[in-house]
Amino acid sequence: MVRVLCCHHFPSQDVFTTDGEPVALCTADNRVFVATEQCRIDVHSLANKVCPKVHSFQTISIVRQMSYSKKGNYIATLETKISRKTYFTYARVYLNWDVETSKRPMRIRVAGHVTKRNKSGKLHLEAVEIPSTEMPCFITTCQKTGNLAVAANQNVLIYGITEQKLSDLDNPIYQDVCYLYEIKFNFLVAEISMFDPYVTICSTSEMQVVYLHSKADDTLTKRFQAPPTSQEQTDESKFILKHIMKEKGHGELHSERKASAKGANTLLDSQVVPSGRLIDSADNCIVEDEYFVSWTFEEEKIPLEQRGKGRTKVISNTLHLPGLEDSASYPDVTSDTFEIIGPGAKMLKCNVRLHIKDTSVKYSTADTLLYRKFSSSVTLLHSLQLIPIYQQGSSSDDLASLCVFVSSSREGYLYSLHHQVSLLSVYSYTMDSYKVAVSPYLVQAVTKTGLETYTCRAFVSALHSVETFDNVTKTCPSPKLDICMIGMHPFIGLQDIVQTKDCLILLSKDDTRSECNWSLYSLQNSSPADLYKDMLEMGNKNKHASPPAYLHLLQEGHLVLKYHMFEHQGHCKEVEKLFKESCALLGEHFGRFDSEDASLALPYYLMSGLEVEEIINQAVQQGQLSKEKGEAGCGEGLMCYLKYVLFQPGDPVKLTETITNAVLEVSLCMAPDCLPLLVLTSRLHGYDDDHALACLEKCSGMLSSPSGKQLNMVAIAVIHLNLCELEEAKAALFSLPKAGLVDICVNYHSLLHRDFTELTHLAQLLRSSKSSLFIEVLVALHDKGILTIRATIRLLQGTSEERDLHNNAHAREYLETILSDNRRAYAFSDAVSLLSDIYIQRLKNWVPPTSRLLPAAGHSHVPKGNGHFGSRHSWLNDFSPFKGTSSIFKQPCNKLQLATPASSRQSVKSSQPVQISKLNMVDMEDCTCCCCNEDLLKMQSLLCSIHTTEAFLQETHQQICTDFKGKWSLQVLCLSRTDQRAALDYVMENFPNILPDFAVEICQKNYGLWSYITENMTAVLRQTSIPNPEKQNIYTQAFQGLLATMCEVLNPVDFLNRLPYEGSVHFFLPYVQRCCKKNQANKLKEVIVAKGEALTLET
């Protein structure tokens, strides 16, 4: 579809003439070459007014076509000569065309032949004639390599300009034209366009694009890999043919191709002749085939009487070739029109033969990328051209995109060849066209009535291949966007058109009079800024009458500016400013209520570079923040932008209270589920709290999902806190289920802290009223990796000093929760270090409580779970300050008394944890109850854990240097892991009564430690036998308990080896007997278990 929105104009126009009638044109930078019927080429400068002639030189014959090559600085011409009423066409190359020729005659020579030169070394204009066995019909040059392409019938001959060194001349550089390679097509070539390694040709009704590459180029081979043609065989196929020949013999080949699902006919039908040459029925081209094999496959009838049956069976000798069966079927060329997109198009018309003539050529294969046969109604294809576009500031090797354009009399066709071949645009002219000039962003068509200007999508294709557009932060109109005719300029008798980067040159001839009058026009192209402004002016006229036309012109102007920035790397500040303006206008359009593709408002607003405040203020001025859903109301596009930008991290958005309230109202109307988040987590500030509360209360009835209603209730609680309405905030917050409140706090953790430095009012309310829930949220944030242990401790500590951390009950509870689950083992080292320091500091600074909640029966202070808190060793219950298990868990606290009213006659139940107790100032002895020794019990549990590391033990041992209650039990626990003999010595010396249980925990299967204990205990008994009978009794009981323990854990042999050498047999004999009986019982148990297992297996 083509839109007609005429807004293009040329800023200036120069008219100039030549001495003779112009017959051909071409351009080079800021010059135009005009060939006349007087066998002359005039060079005019486009940099000056009226385009003065700056140079001219003679040609051999009348030029019908010419092309200039910047690389090599030569002009190639196609010249005609009439001899005896017969036209002869020649292809010539003019070298040194820019030297002064008034006193130096032109030198004429044939390509490939070195002629005698003037030894003066002065340059002469040289005309190099290219020999050809066929009459050339078209020429072109490659602006990348400087090669010359000459078309003759079905062939395209490629030549290169070479330089040779001749040492016998003063000027040793000798330029010549070298024949490089030839490409043979299957239809007559009318026009060529070349951009190495791409070559495209067309006839009057067919077009083909081929890609040249070498077999050694793996990347290009994978990208443009084509199967072997009917006349070329791979090494694999040659091997298969030889192998089959050995097994099957010679004969005629009868092959059948599968027809396609569409019923396409086979295109390649070949005959086999005895001479060993393959005759192609399409063009009768005979190709020698050294691997020719004559095959015969006949149906063999074998009587089956030999197998006991009296009928004949037909055995098929069909040869199945997978390569042929799996190949794509060919299209039906009998159709009036069809199109094949390669690479590797599989049809005879697409077959291309490449003949290398020079060893320096790197190409060996030609693959078809595109072939199209136009309908018979399409007359005379013309204006074939390749449009390369390079990346910003890159060399000629960094190709961003390549497009090909071809035109018929009434339509033009633009294809993209980069990455994937596809049709981008179709141009429908208003009148028959004669010639078309294409630039990356404009198409200029010469018609009967003048010049028509269209937008071009070649640049957009390049942009999409180079840049990435996610349609969130960056976007761009599609290459498939409808084209637009933006200009119609009347001219009389236009015949030809050529272009430079800044100008269009038109050739006009008036044949209506007796004499032919001609004129040359130099039209200056509009700058991108001017063209954009013209488009915007035209668009504004249609903004309300035709919104689609307004949008289309905005997009076209946006692309024009984008191309200029792409080409000049964005160095033009004026264009950059206009580009951002176009982005803002596009964002405004897509942000309207009635706009399609509303999601595009977001990337265009972001690309505009405007601040959030500016965009919202503009939306207010345009009436886009009206809560009414109408033409001027807020659309989904603007809401999409607001949702995105207001929730991005950054500074608060500073808006007036009126505008901020309007944003809340629009959100309530357009996206009620977004309103709570705007209040809770967005950068939107400055709204009136009472107004926000009213909006949230309305929103409660509009939300359907439970999660949305819960989030809205949290937002209401936050607004109540802002209004210092504490009770209302509690009522709103604690009306939510616990699981829902935890999920909200975890998913929107910014509600609890300000940049991880301090707690918010909401967090402080949860901490004071629902501490367990608050701790659960903090632990969940740690598990998700949002809050580290150190960061959480800083938040809980607030402004208090680090040395007061042991007084923070919430920090202690948080660390205990972390250490209570083995799934957080990765964090144990950090948490246990902090928690042990808290416990030790609390033990050092322990003060009897003045009040306490009455604990329930059977309560436990040590956290449960499978984490770092381990089971305490039994011997710790008899270690100071404890006096057995009952003294810890059954004996009431001697520091507290129950505080009950005097009038109360009811007994207090232990299951009432709310009962208050007060300090008993009478009994000041150390209490052994679990409540008074909670920190000691927990610290002992940490040291008894299997997760305890040597580093933690050493750190703890260093911290317990000062005296406090329970110090020696912690010290012994540390030594039991680090220095076991020192721990045994301490226990034997100070607490011999716990030695049996302690030895079991320490020694286990370490026989050396058992020997060490028995030897030391024997030595102690000897020392204390006379001077201290009381102590002797204690050690004797401890030694007997030790022996009783050893006979239970050791076998008889090991037990006997641990006994002292000197001693009474009657004293040790009972223990030896018990050890033997225990050992026999264990063996009997093993036998019984083994037999039981055997019986189980048998059954």
# chains A, B, ... in the order shown; residues from 1 in each chain; ligands from 1

call {"tool": "residues_around", "arguments": {"residues": "range 461-476 of chain A", "least_positions_apart": "5", "cutoff": "10 Å", "atoms": "only C-alpha atoms", "output": "number ranges by chain"}}
result
A: 388-392, 399-403, 415-419, 424, 440, 456, 555, 558-559, 562-563, 566, 583, 599-607, 641, 644

call {"tool": "select_by_dssp", "arguments": {"residues": "range 319-502 of chain A", "states": "helix (DSSP H, G or I)", "output": "list in words"}}
result
Pro322, Gly323, Leu324, Glu325, Leu348, Lys349, Cys350, Ala458, Phe459, Val460, Ser461, Ala462, Leu463, His464, Ser465 and Val466 of chain A

call {"tool": "write_last_selection", "arguments": {"atoms": "C-alpha atoms", "output": "mmCIF file, in the first residue's frame"}}
result
data_model
loop_
_atom_site.group_PDB
_atom_site.id
_atom_site.type_symbol
_atom_site.label_atom_id
_atom_site.label_comp_id
_atom_site.auth_asym_id
_atom_site.auth_seq_id
_atom_site.Cartn_x
_atom_site.Cartn_y
_atom_site.Cartn_z
ATOM 1 C CA PRO A 322 18.253 -40.511 -1.483
ATOM 2 C CA GLY A 323 19.820 -37.299 -2.755
ATOM 3 C CA LEU A 324 17.343 -37.127 -5.608
ATOM 4 C CA GLU A 325 14.355 -38.257 -3.585
ATOM 5 C CA LEU A 348 17.381 -24.904 -14.674
ATOM 6 C CA LYS A 349 16.730 -21.200 -15.195
ATOM 7 C CA CYS A 350 18.701 -20.449 -12.022
ATOM 8 C CA ALA A 458 16.666 0.024 2.441
ATOM 9 C CA PHE A 459 18.103 1.874 5.430
ATOM 10 C CA VAL A 460 15.482 0.463 7.819
ATOM 11 C CA SER A 461 16.523 -3.032 6.802
ATOM 12 C CA ALA A 462 20.144 -2.153 7.615
ATOM 13 C CA LEU A 463 19.141 -0.690 10.938
ATOM 14 C CA HIS A 464 17.309 -3.839 12.001
ATOM 15 C CA SER A 465 20.271 -6.021 11.034
ATOM 16 C CA VAL A 466 22.794 -3.940 13.004
#

call {"tool": "residues_around", "arguments": {"residues": "range 868-872 of chain A", "least_positions_apart": "2", "cutoff": "10 Å", "atoms": "only C-alpha atoms", "output": "number ranges by chain"}}
result
A: 816, 818-822, 824-825, 828-829, 831-832, 862-866, 874-877, 937-948

call {"tool": "residues_around", "arguments": {"residues": "Asp482 in chain A", "least_positions_apart": "3", "cutoff": "12 Å", "atoms": "only C-alpha atoms", "output": "ChimeraX atom specification"}}
result
/A:1-4,424-428,454-457,477-479,485,548-549,551-553,555-556

call {"tool": "write_last_selection", "arguments": {"atoms": "N, CA and C atoms", "output": "PDB file, in the first residue's frame"}}
result
ATOM      1  N   MET A   1       0.843  -1.189   0.000  1.00  0.00           N
ATOM      2  CA  MET A   1       0.000   0.000   0.000  1.00  0.00           C
ATOM      3  C   MET A   1       0.880   1.243   0.000  1.00  0.00           C
ATOM      4  N   VAL A   2       0.538   2.220  -0.853  1.00  0.00           N
ATOM      5  CA  VAL A   2       1.304   3.458  -0.967  1.00  0.00           C
ATOM      6  C   VAL A   2       0.424   4.604  -0.506  1.00  0.00           C
ATOM      7  N   ARG A   3       0.895   5.358   0.470  1.00  0.00           N
ATOM      8  CA  ARG A   3       0.185   6.553   0.929  1.00  0.00           C
ATOM      9  C   ARG A   3       0.708   7.765   0.168  1.00  0.00           C
ATOM     10  N   VAL A   4      -0.151   8.675  -0.181  1.00  0.00           N
ATOM     11  CA  VAL A   4       0.218   9.893  -0.903  1.00  0.00           C
ATOM     12  C   VAL A   4       0.112  11.054   0.064  1.00  0.00           C
ATOM     13  N   LEU A 424      10.812  -6.242   0.492  1.00  0.00           N
ATOM     14  CA  LEU A 424      10.527  -5.196   1.463  1.00  0.00           C
ATOM     15  C   LEU A 424       9.352  -4.318   1.035  1.00  0.00           C
ATOM     16  N   SER A 425       9.382  -3.841  -0.206  1.00  0.00           N
ATOM     17  CA  SER A 425       8.386  -2.861  -0.632  1.00  0.00           C
ATOM     18  C   SER A 425       8.062  -3.038  -2.099  1.00  0.00           C
ATOM     19  N   VAL A 426       6.853  -2.622  -2.457  1.00  0.00           N
ATOM     20  CA  VAL A 426       6.414  -2.538  -3.852  1.00  0.00           C
ATOM     21  C   VAL A 426       5.945  -1.109  -4.080  1.00  0.00           C
ATOM     22  N   TYR A 427       6.483  -0.464  -5.099  1.00  0.00           N
ATOM     23  CA  TYR A 427       6.172   0.924  -5.415  1.00  0.00           C
ATOM     24  C   TYR A 427       5.248   0.964  -6.629  1.00  0.00           C
ATOM     25  N   SER A 428       4.097   1.549  -6.456  1.00  0.00           N
ATOM     26  CA  SER A 428       3.146   1.692  -7.565  1.00  0.00           C
ATOM     27  C   SER A 428       3.177   3.140  -8.032  1.00  0.00           C
ATOM     28  N   TYR A 454       9.414   8.863  -3.376  1.00  0.00           N
ATOM     29  CA  TYR A 454       8.868   7.910  -2.413  1.00  0.00           C
ATOM     30  C   TYR A 454       9.903   7.683  -1.307  1.00  0.00           C
ATOM     31  N   THR A 455       9.417   7.224  -0.166  1.00  0.00           N
ATOM     32  CA  THR A 455      10.342   6.816   0.896  1.00  0.00           C
ATOM     33  C   THR A 455      10.856   5.414   0.617  1.00  0.00           C
ATOM     34  N   CYS A 456      12.037   5.145   1.118  1.00  0.00           N
ATOM     35  CA  CYS A 456      12.703   3.868   0.848  1.00  0.00           C
ATOM     36  C   CYS A 456      12.995   3.154   2.163  1.00  0.00           C
ATOM     37  N   ARG A 457      12.904   1.829   2.140  1.00  0.00           N
ATOM     38  CA  ARG A 457      13.111   1.029   3.350  1.00  0.00           C
ATOM     39  C   ARG A 457      14.466   0.330   3.376  1.00  0.00           C
ATOM     40  N   PRO A 477      10.486   1.695  13.511  1.00  0.00           N
ATOM     41  CA  PRO A 477       9.461   1.190  12.591  1.00  0.00           C
ATOM     42  C   PRO A 477       9.970   0.007  11.785  1.00  0.00           C
ATOM     43  N   SER A 478       9.068  -0.830  11.401  1.00  0.00           N
ATOM     44  CA  SER A 478       9.421  -2.063  10.687  1.00  0.00           C
ATOM     45  C   SER A 478       9.839  -1.761   9.247  1.00  0.00           C
ATOM     46  N   PRO A 479      10.740  -2.585   8.667  1.00  0.00           N
ATOM     47  CA  PRO A 479      11.050  -2.427   7.234  1.00  0.00           C
ATOM     48  C   PRO A 479       9.833  -2.669   6.349  1.00  0.00           C
ATOM     49  N   MET A 485       4.396   8.168  -0.829  1.00  0.00           N
ATOM     50  CA  MET A 485       4.817   9.094  -1.877  1.00  0.00           C
ATOM     51  C   MET A 485       4.761  10.495  -1.285  1.00  0.00           C
ATOM     52  N   PRO A 548      -4.054   8.292  11.114  1.00  0.00           N
ATOM     53  CA  PRO A 548      -3.086   7.378  10.484  1.00  0.00           C
ATOM     54  C   PRO A 548      -2.072   8.107   9.605  1.00  0.00           C
ATOM     55  N   ALA A 549      -2.536   9.142   8.872  1.00  0.00           N
ATOM     56  CA  ALA A 549      -1.591   9.906   8.043  1.00  0.00           C
ATOM     57  C   ALA A 549      -0.595  10.655   8.923  1.00  0.00           C
ATOM     58  N   LEU A 551       0.461   9.771  11.922  1.00  0.00           N
ATOM     59  CA  LEU A 551       1.407   8.793  12.440  1.00  0.00           C
ATOM     60  C   LEU A 551       2.407   8.370  11.380  1.00  0.00           C
ATOM     61  N   HIS A 552       1.922   8.164  10.163  1.00  0.00           N
ATOM     62  CA  HIS A 552       2.819   7.704   9.105  1.00  0.00           C
ATOM     63  C   HIS A 552       3.897   8.750   8.822  1.00  0.00           C
ATOM     64  N   LEU A 553       3.517  10.006   8.748  1.00  0.00           N
ATOM     65  CA  LEU A 553       4.519  11.047   8.495  1.00  0.00           C
ATOM     66  C   LEU A 553       5.483  11.191   9.668  1.00  0.00           C
ATOM     67  N   GLN A 555       6.504   8.724  11.552  1.00  0.00           N
ATOM     68  CA  GLN A 555       7.435   7.606  11.420  1.00  0.00           C
ATOM     69  C   GLN A 555       8.418   7.834  10.279  1.00  0.00           C
ATOM     70  N   GLU A 556       7.941   8.383   9.167  1.00  0.00           N
ATOM     71  CA  GLU A 556       8.840   8.654   8.045  1.00  0.00           C
ATOM     72  C   GLU A 556       9.893   9.683   8.434  1.00  0.00           C
TER      73      GLU A 556
END

call {"tool": "select_by_dssp", "arguments": {"residues": "range 347-517 of chain A", "states": "strand (DSSP E)", "output": "ChimeraX atom specification"}}
result
/A:353-356,365-373,382-390,399-407,411-416,422-428,433-438,442-447,450-455,483-490,494-499,503-510,517

call {"tool": "atom_distance", "arguments": {"atom1": "CA of Ala827 in chain A", "atom2": "CA of Lys967 in chain A"}}
result
26.5 Å

call {"tool": "closest_residue", "arguments": {"among": "A:Glu100, A:Glu515, A:Asp176, A:Asp432", "to": "Thr379 in chain A", "atoms": "only C-alpha atoms"}}
result
A:Asp432

call {"tool": "residues_around", "arguments": {"residues": "range 186-192 of chain A", "least_positions_apart": "4", "cutoff": "9 Å", "atoms": "only C-alpha atoms", "output": "compact mmCIF listing (two decimals) with all heavy atoms, in the first residue's frame"}}
result
# COMPACT_ATOMS: atom_id res chain seq x y z
N CYS A 137 25.94 -5.16 -24.50
CA CYS A 137 24.68 -4.43 -24.45
C CYS A 137 24.53 -3.59 -23.19
O CYS A 137 23.61 -2.77 -23.11
CB CYS A 137 23.51 -5.39 -24.57
SG CYS A 137 23.46 -6.64 -23.26
N PHE A 138 25.38 -3.80 -22.18
CA PHE A 138 25.26 -3.02 -20.94
C PHE A 138 26.58 -3.10 -20.19
O PHE A 138 27.28 -4.12 -20.25
CB PHE A 138 24.14 -3.57 -20.06
CG PHE A 138 23.69 -2.61 -18.98
CD1 PHE A 138 22.69 -1.69 -19.24
CD2 PHE A 138 24.27 -2.63 -17.72
CE1 PHE A 138 22.27 -0.81 -18.26
CE2 PHE A 138 23.86 -1.75 -16.74
CZ PHE A 138 22.86 -0.83 -17.01
N ILE A 139 26.91 -2.02 -19.48
CA ILE A 139 28.12 -2.00 -18.65
C ILE A 139 27.79 -1.39 -17.30
O ILE A 139 26.83 -0.63 -17.17
CB ILE A 139 29.27 -1.20 -19.31
CG1 ILE A 139 28.83 0.25 -19.51
CG2 ILE A 139 29.75 -1.84 -20.59
CD1 ILE A 139 29.98 1.16 -19.88
N THR A 140 28.57 -1.76 -16.33
CA THR A 140 28.47 -1.15 -15.00
C THR A 140 29.80 -1.36 -14.28
O THR A 140 30.62 -2.20 -14.70
CB THR A 140 27.32 -1.76 -14.18
OG1 THR A 140 27.14 -0.99 -12.99
CG2 THR A 140 27.62 -3.19 -13.77
N ALA A 149 31.87 -4.67 -15.27
CA ALA A 149 31.04 -5.77 -15.75
C ALA A 149 30.44 -5.39 -17.09
O ALA A 149 29.88 -4.30 -17.25
CB ALA A 149 29.93 -6.08 -14.74
N VAL A 150 30.55 -6.31 -18.05
CA VAL A 150 30.05 -6.08 -19.40
C VAL A 150 29.08 -7.21 -19.73
O VAL A 150 29.41 -8.40 -19.57
CB VAL A 150 31.19 -6.04 -20.44
CG1 VAL A 150 30.64 -5.82 -21.83
CG2 VAL A 150 32.20 -4.96 -20.07
N ALA A 151 27.88 -6.86 -20.16
CA ALA A 151 26.87 -7.85 -20.52
C ALA A 151 26.85 -8.05 -22.02
O ALA A 151 26.92 -7.07 -22.79
CB ALA A 151 25.50 -7.40 -20.03
N ALA A 152 26.79 -9.30 -22.43
CA ALA A 152 26.71 -9.65 -23.85
C ALA A 152 25.86 -10.91 -23.98
O ALA A 152 26.26 -11.98 -23.51
CB ALA A 152 28.09 -9.87 -24.44
N ASN A 153 24.68 -10.77 -24.56
CA ASN A 153 23.73 -11.88 -24.69
C ASN A 153 23.42 -12.47 -23.31
O ASN A 153 22.90 -11.78 -22.45
CB ASN A 153 24.25 -12.94 -25.65
CG ASN A 153 24.28 -12.42 -27.08
OD1 ASN A 153 23.48 -11.54 -27.43
ND2 ASN A 153 25.18 -12.93 -27.90
N GLN A 154 23.79 -13.74 -23.07
CA GLN A 154 23.51 -14.38 -21.78
C GLN A 154 24.72 -14.38 -20.84
O GLN A 154 24.69 -15.01 -19.80
CB GLN A 154 23.07 -15.83 -22.00
CG GLN A 154 21.79 -15.97 -22.79
CD GLN A 154 21.38 -17.42 -22.95
OE1 GLN A 154 22.13 -18.33 -22.61
NE2 GLN A 154 20.18 -17.64 -23.48
N ASN A 155 25.74 -13.64 -21.18
CA ASN A 155 26.99 -13.69 -20.42
C ASN A 155 27.27 -12.34 -19.78
O ASN A 155 26.91 -11.29 -20.31
CB ASN A 155 28.16 -14.08 -21.33
CG ASN A 155 27.89 -15.39 -22.04
OD1 ASN A 155 27.27 -16.30 -21.49
ND2 ASN A 155 28.35 -15.50 -23.29
N VAL A 156 27.95 -12.41 -18.64
CA VAL A 156 28.46 -11.22 -17.98
C VAL A 156 29.95 -11.41 -17.79
O VAL A 156 30.39 -12.37 -17.15
CB VAL A 156 27.78 -10.99 -16.62
CG1 VAL A 156 28.44 -9.84 -15.88
CG2 VAL A 156 26.29 -10.73 -16.79
N VAL A 199 26.21 -10.12 -7.77
CA VAL A 199 25.96 -9.71 -9.16
C VAL A 199 24.48 -9.94 -9.43
O VAL A 199 23.95 -11.04 -9.17
CB VAL A 199 26.82 -10.50 -10.17
CG1 VAL A 199 26.48 -10.07 -11.59
CG2 VAL A 199 28.30 -10.29 -9.90
N THR A 200 23.81 -8.91 -9.93
CA THR A 200 22.39 -9.05 -10.26
C THR A 200 22.18 -8.62 -11.71
O THR A 200 22.83 -7.67 -12.18
CB THR A 200 21.51 -8.21 -9.32
OG1 THR A 200 20.16 -8.33 -9.73
CG2 THR A 200 21.91 -6.75 -9.32
N ILE A 201 21.31 -9.33 -12.40
CA ILE A 201 21.01 -9.04 -13.79
C ILE A 201 19.51 -9.07 -13.99
O ILE A 201 18.76 -9.60 -13.15
CB ILE A 201 21.67 -10.07 -14.74
CG1 ILE A 201 21.06 -11.45 -14.49
CG2 ILE A 201 23.18 -10.08 -14.59
CD1 ILE A 201 21.36 -12.46 -15.56
N CYS A 202 19.07 -8.51 -15.08
CA CYS A 202 17.66 -8.61 -15.45
C CYS A 202 17.54 -8.57 -16.97
O CYS A 202 18.40 -8.03 -17.67
CB CYS A 202 16.84 -7.49 -14.80
SG CYS A 202 17.09 -5.86 -15.51
N SER A 203 16.47 -9.19 -17.43
CA SER A 203 16.09 -9.08 -18.84
C SER A 203 14.84 -8.23 -18.90
O SER A 203 14.56 -7.47 -17.96
CB SER A 203 15.85 -10.49 -19.41
OG SER A 203 14.74 -11.08 -18.77
N THR A 204 14.07 -8.36 -19.93
CA THR A 204 12.84 -7.59 -20.00
C THR A 204 11.78 -8.09 -19.03
O THR A 204 10.89 -7.34 -18.65
CB THR A 204 12.29 -7.63 -21.43
OG1 THR A 204 12.10 -9.00 -21.81
CG2 THR A 204 13.25 -6.95 -22.40
N GLU A 206 12.72 -10.97 -16.49
CA GLU A 206 13.30 -11.84 -15.48
C GLU A 206 14.41 -11.10 -14.74
O GLU A 206 15.08 -10.24 -15.30
CB GLU A 206 13.87 -13.11 -16.11
CG GLU A 206 12.81 -14.00 -16.76
CD GLU A 206 13.45 -15.17 -17.50
OE1 GLU A 206 13.84 -14.98 -18.66
OE2 GLU A 206 13.55 -16.26 -16.91
N ASP A 283 18.68 -25.93 -23.20
CA ASP A 283 19.40 -25.03 -24.10
C ASP A 283 20.34 -25.77 -25.04
O ASP A 283 21.16 -25.17 -25.69
CB ASP A 283 20.21 -24.01 -23.28
CG ASP A 283 21.11 -24.69 -22.28
OD1 ASP A 283 21.17 -25.94 -22.29
OD2 ASP A 283 21.75 -23.98 -21.50
N LEU A 348 16.44 -25.07 -13.57
CA LEU A 348 17.38 -24.90 -14.67
C LEU A 348 17.62 -23.44 -14.98
O LEU A 348 18.74 -23.03 -15.28
CB LEU A 348 16.85 -25.64 -15.91
CG LEU A 348 17.82 -25.73 -17.09
CD1 LEU A 348 19.07 -26.47 -16.67
CD2 LEU A 348 17.16 -26.41 -18.27
N LYS A 349 16.58 -22.61 -14.90
CA LYS A 349 16.73 -21.20 -15.19
C LYS A 349 17.69 -20.51 -14.23
O LYS A 349 18.27 -19.49 -14.56
CB LYS A 349 15.36 -20.51 -15.13
CG LYS A 349 14.52 -20.67 -16.40
CD LYS A 349 15.09 -19.83 -17.52
CE LYS A 349 14.20 -19.88 -18.76
NZ LYS A 349 14.76 -19.06 -19.84
N CYS A 350 17.83 -21.07 -13.02
CA CYS A 350 18.70 -20.45 -12.02
C CYS A 350 20.13 -20.94 -12.10
O CYS A 350 20.99 -20.42 -11.39
CB CYS A 350 18.15 -20.71 -10.62
SG CYS A 350 16.55 -19.99 -10.32
N ASN A 351 20.40 -21.94 -12.91
CA ASN A 351 21.75 -22.46 -12.99
C ASN A 351 22.69 -21.42 -13.56
O ASN A 351 22.42 -20.81 -14.60
CB ASN A 351 21.80 -23.72 -13.84
CG ASN A 351 21.10 -24.89 -13.15
OD1 ASN A 351 20.92 -24.86 -11.94
ND2 ASN A 351 20.70 -25.88 -13.92
N VAL A 352 23.79 -21.23 -12.89
CA VAL A 352 24.78 -20.24 -13.30
C VAL A 352 26.12 -20.94 -13.41
O VAL A 352 26.51 -21.71 -12.53
CB VAL A 352 24.88 -19.09 -12.27
CG1 VAL A 352 25.96 -18.11 -12.67
CG2 VAL A 352 23.54 -18.37 -12.16
N LEU A 381 11.70 -4.42 -17.79
CA LEU A 381 12.35 -4.10 -16.52
C LEU A 381 13.50 -3.13 -16.74
O LEU A 381 14.21 -3.20 -17.75
CB LEU A 381 12.86 -5.38 -15.86
CG LEU A 381 11.82 -6.43 -15.45
CD1 LEU A 381 12.52 -7.64 -14.86
CD2 LEU A 381 10.83 -5.86 -14.47
N HIS A 382 13.69 -2.25 -15.78
CA HIS A 382 14.77 -1.25 -15.91
C HIS A 382 15.21 -0.81 -14.52
O HIS A 382 14.67 -1.24 -13.49
CB HIS A 382 14.31 -0.05 -16.73
CG HIS A 382 13.16 0.71 -16.11
ND1 HIS A 382 13.31 1.65 -15.13
CD2 HIS A 382 11.82 0.63 -16.34
CE1 HIS A 382 12.14 2.14 -14.77
NE2 HIS A 382 11.20 1.53 -15.50
N SER A 383 16.21 0.06 -14.48
CA SER A 383 16.72 0.68 -13.24
C SER A 383 17.16 -0.35 -12.21
O SER A 383 16.91 -0.21 -11.01
CB SER A 383 15.67 1.61 -12.62
OG SER A 383 15.29 2.61 -13.53
N LEU A 384 17.81 -1.40 -12.67
CA LEU A 384 18.33 -2.41 -11.75
C LEU A 384 19.53 -1.84 -11.00
O LEU A 384 20.45 -1.29 -11.61
CB LEU A 384 18.75 -3.65 -12.54
CG LEU A 384 19.32 -4.82 -11.74
CD1 LEU A 384 18.25 -5.44 -10.86
CD2 LEU A 384 19.93 -5.86 -12.67
N GLN A 385 19.53 -1.96 -9.69
CA GLN A 385 20.63 -1.39 -8.90
C GLN A 385 20.69 -2.05 -7.52
O GLN A 385 19.67 -2.40 -6.94
CB GLN A 385 20.50 0.13 -8.75
CG GLN A 385 19.16 0.60 -8.29
CD GLN A 385 18.90 2.05 -8.64
OE1 GLN A 385 19.62 2.92 -8.18
NE2 GLN A 385 17.89 2.29 -9.45

call {"tool": "atom_distance", "arguments": {"atom1": "CA of Gln891 in chain A", "atom2": "CA of Ala983 in chain A"}}
result
29.4 Å

call {"tool": "atom_distance", "arguments": {"atom1": "CA of Asn712 in chain A", "atom2": "CA of Cys699 in chain A"}}
result
7.6 Å

call {"tool": "residues_around", "arguments": {"residues": "Leu733 in chain A", "least_positions_apart": "2", "cutoff": "7 Å", "atoms": "only C-alpha atoms", "output": "PyMOL selection string"}}
result
chain A and resi 713-714+717+729-731+735-736

call {"tool": "residues_around", "arguments": {"residues": "Tyr1061 in chain A", "least_positions_apart": "5", "cutoff": "12 Å", "atoms": "only C-alpha atoms", "output": "list in words"}}
result
Ser1011, Thr1014, Glu1015, Thr1018, Leu1056 and Phe1068 of chain A
